[in-house]
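Shown next, in structure tokens, is the structure this report addresses.
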There are 2 protein chains.
Amino acid sequence: MRATREEALKNQLVFLLELDRLKSVLRQSSLANGSRRENSAEHSWHLAMFALVLSEHADVQVNAAHAAKLLLVHDTVEIDAGDAPIHASGVSKSELEPAEHHAAERIFGLLPIEQAGQFRDMWLEFEAGQSPEARFAKALDRFQPLLLNIAVGGGTWKENGVTELQVIERYGPAIKGGSATLWNAALKLVQAHFND
Amino acid sequence: MRATREEALKNQLVFLLELDRLKSVLRQSSLANGSRRENSAEHSWHLAMFALVLSEHADVQVNAAHAAKLLLVHDTVEIDAGDAPIHASGVSKSELEPAEHHAAERIFGLLPIEQAGQFRDMWLEFEAGQSPEARFAKALDRFQPLLLNIAVGGGTWKENGVTELQVIERYGPAIKGGSATLWNAALKLVQAHFND
């Protein structure tokens with residue numbers, strides 16, 4: 001039985017208030033001014049803006065608005081599963097994946113059933129990283145913290161003793177997977193950062 | 001003369017790093033858990049999610065992705081002009097408007113010229129509030145802080161001694177302008193808040 005429009009709205013508002021919790025999930029990276037760590041909600045906003053601004057540099061033509069949507073949604077699961085830092089984490093991928101899938105079921109499951117499926121599909125599309133938009137979105141999700149780290153003079157790289165080679169190995173594949181142009185620009189910035 | 005692709009990217013990255021400053025612009029509203037005030041970057045993310053989730057409730061059919069784009073961009077000018085609180089502000093509309101237009105020129109003007117025009121146009125579309133998407137976006141920009149205020153038991157209403165009638169007068173027109181359904185839901189929540 002299809003929910004009435006009023007019931008649908010009620011469930012949608014529960015979901016939207018639940019999303020508010022993403023503003024309290026802290027990431028490793030600092031803001032560009034170094035004042036504090038970034039949270040996953042403002043990170044998601046920043047990434048959506050990256051998608052709208054940089055889509056011309058994707059290797060394969062992408063729908064910028066769709067890439068932005070994937071990025072708006074991609075970190076929602078962190079409300080339950082937390083942020084998994086790229087450098088030095090105690091959490092293994094095999095532990096994290098089930099936790100994230102469980103979180104997706106619970107959080108998107110707050111929405112009316114059809115819409116829950118649409119949001120789960122966006123998250124799964126991002127995670128799979130197969131569509132042109134997901135590949136580009138994943139590239140931006142690595143490119144943005146790289147820029148922030150350089151803006152604050154090293155950031156999480158300094159904190160974790162990460163070398164130039166490790167940066168290239170940990171950021172390169174995802175960025176290159178979506179945009180050779182962005183990776184070329186990133187590589188120059190990384191080289192200048194470590195060698196100046 | 002058209003900028004080369006490399007020059008374009010350089011300017012786009014300057015713009016995207018400048019956007020980082022929106023994470024440090026504080027609004028009056030608290031997070032739903034009351035822990036701290038919301039910033040304009042995470043607010044913009046939240047609103048974009050409101051647009052993706054609630055578009056079926058717009059009075060006139062809207063392109064949800066376009067409404068989300070308007071909301072991602074709408075507060076960018078606050079980097080220079082600051083946030084203008086809805087309740088009790090010392091800043092008059094006649095002072096604020098030129099400051100915001102000046103900010104739009106400077107900030108979007110960091111982008112390559114054609115793209116600068118596209119982003120300025122999105123901001124102007126939101127400000128004008130004439131297109132279906134802009135009307136809906138403006139409704140959400142009032143609806144979200146109303147929900148947050150109710151979630152924290154009054155928030156900026158309590159702080160500013162705002163009455164039920166004032167809430168209806170200050171939030172009603174914008175929300176009703178985009179969605180009768182959302183305004184009906186909001187009104188019930190407001191009445192319950194002030195009378196329970």
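By order in the structure tokens, chains are A, B, ...; within a chain, residues start at 1; ligands start at 1, following the order shown.
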
For Leu146 (chain A): contacts at 10 Å, only C-alpha atoms, fewer than 2 positions along chain excluded, given as a PyMOL selection string: chain A and resi 29+140-144+148-151+154-157+167+171+186+189-190

Please produce an output containing N, CA and C atoms for each residue in the selection, written as a compact mmCIF listing (two decimals), in the first residue's frame.
```txt
# COMPACT_ATOMS: atom_id res chain seq x y z
N SER A 29 41.00 16.01 8.00
CA SER A 29 41.51 17.25 7.38
C SER A 29 41.04 18.49 8.11
N LEU A 140 37.23 13.56 -6.99
CA LEU A 140 37.11 14.82 -6.24
C LEU A 140 37.22 14.58 -4.74
N ASP A 141 36.70 13.43 -4.30
CA ASP A 141 36.72 13.09 -2.87
C ASP A 141 38.17 12.89 -2.37
N ARG A 142 39.10 12.62 -3.27
CA ARG A 142 40.52 12.57 -2.90
C ARG A 142 41.21 13.91 -3.19
N PHE A 143 40.77 14.57 -4.23
CA PHE A 143 41.44 15.81 -4.66
C PHE A 143 41.23 16.94 -3.64
N GLN A 144 40.03 17.04 -3.09
CA GLN A 144 39.75 18.13 -2.15
C GLN A 144 40.60 18.08 -0.89
N LEU A 148 43.38 20.81 0.60
CA LEU A 148 43.32 21.37 1.96
C LEU A 148 44.61 21.08 2.71
N ASN A 149 45.16 19.89 2.56
CA ASN A 149 46.42 19.56 3.24
C ASN A 149 47.53 20.50 2.78
N ILE A 150 47.59 20.77 1.48
CA ILE A 150 48.63 21.66 0.97
C ILE A 150 48.38 23.09 1.47
N ALA A 151 47.11 23.48 1.53
CA ALA A 151 46.79 24.85 2.00
C ALA A 151 47.26 25.08 3.43
N GLY A 154 50.68 20.92 5.05
CA GLY A 154 50.98 19.50 5.29
C GLY A 154 49.85 18.75 5.99
N GLY A 155 49.23 19.39 6.97
CA GLY A 155 48.04 18.81 7.62
C GLY A 155 48.21 17.37 8.04
N THR A 156 47.29 16.51 7.59
CA THR A 156 47.29 15.10 8.01
C THR A 156 48.54 14.37 7.53
N TRP A 157 49.21 14.88 6.51
CA TRP A 157 50.45 14.23 6.05
C TRP A 157 51.53 14.41 7.12
N VAL A 167 51.74 9.71 -0.51
CA VAL A 167 50.67 10.58 -1.01
C VAL A 167 50.31 10.18 -2.44
N TYR A 171 46.51 8.83 -3.06
CA TYR A 171 45.58 9.74 -3.72
C TYR A 171 45.53 9.51 -5.24
N ALA A 186 47.44 18.01 -9.47
CA ALA A 186 47.68 17.58 -8.08
C ALA A 186 49.14 17.16 -7.90
N LEU A 189 51.44 20.05 -7.52
CA LEU A 189 51.29 20.66 -6.18
C LEU A 189 51.97 19.81 -5.11
N VAL A 190 51.81 18.50 -5.22
CA VAL A 190 52.42 17.58 -4.24
C VAL A 190 53.94 17.67 -4.32
```

Report as an MDAnalysis selection string the set of chain B residues whose atoms approach chain A to within 9 Å, with distances computed over only C-alpha atoms. chainID B and resid 5:6 9:10 12:13 16:24 31:33 35 38:46 48:50 52:54 57 65:66 68:69 72:73 111 115 147:148 151 181:182 185

Residues near Lys138 (chain B), anyone? I mean within 12 Å using only C-alpha atoms, not counting same-chain ones fewer than 2 positions away, as an MDAnalysis selection string. chainID B and resid 44 47:48 50:51 58 67:68 70:71 74:75 123 125:136 140:145 171:179

Residues of region 23-188 of chain B in strand (DSSP E or B), written as a list in words: Leu26, Arg27, Gln28, Ser29, Ser30, Arg37, Glu38 and Asn39 of chain B

Keeping only N, CA and C atoms, write the selected residues as a tab-separated table (two decimals), in the first residue's frame.
```
chain	number	residue	atom	x	y	z
B	26	LEU	N	29.20	31.79	10.63
B	26	LEU	CA	28.23	31.20	11.55
B	26	LEU	C	26.86	31.81	11.40
B	27	ARG	N	25.84	30.97	11.43
B	27	ARG	CA	24.46	31.40	11.39
B	27	ARG	C	23.91	31.50	12.82
B	28	GLN	N	22.69	32.00	12.93
B	28	GLN	CA	22.07	32.08	14.25
B	28	GLN	C	21.59	30.72	14.75
B	29	SER	N	21.06	29.89	13.84
B	29	SER	CA	20.47	28.61	14.27
B	29	SER	C	21.50	27.64	14.80
B	30	SER	N	21.06	26.82	15.76
B	30	SER	CA	21.88	25.74	16.29
B	30	SER	C	21.69	24.49	15.45
B	37	ARG	N	26.36	26.45	17.02
B	37	ARG	CA	25.66	27.10	15.91
B	37	ARG	C	26.08	26.48	14.58
B	38	GLU	N	25.14	26.56	13.63
B	38	GLU	CA	25.37	26.00	12.30
B	38	GLU	C	26.20	26.96	11.47
B	39	ASN	N	27.07	26.43	10.59
B	39	ASN	CA	27.74	27.32	9.65
B	39	ASN	C	27.07	27.26	8.27
```

Taking the DSSP assignment computed from this structure's backbone, write out as a ChimeraX atom specification all residues of region 41-159 of chain A that belong to helix (DSSP H, G or I). /A:41-57,64-73,78-81,93-108,113-128,132-151,156-159

Which neighbours of region 159-166 of chain A fall inside 8 Å, counting only C-alpha atoms, when residues of the same chain fewer than 5 positions from it are skipped, and could you give them as number ranges by chain? A: 87-88, 190-191, 194

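Of the residues listed (B:Ile79, B:Val60, B:Val25, B:Val14), B:Val14 shows the shortest atom-to-atom separation from Pro112 (chain B); distances use only C-alpha atoms.
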
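Each of B:His193, B:Val77, B:Glu114, B:Gly34 was checked against His102 (chain B) using only C-alpha atoms; the smallest atom-to-atom distance is that of B:Val77.
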
By how many Å are CA of Ala103 (chain A) and CA of Ser55 (chain B) apart?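 Interatomic distance, CA of Ala103 (chain A) to CA of Ser55 (chain B): 24.3 Å.
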
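CA of Trp183 (chain A) is found 13.6 Å from CA of Ala137 (chain A).
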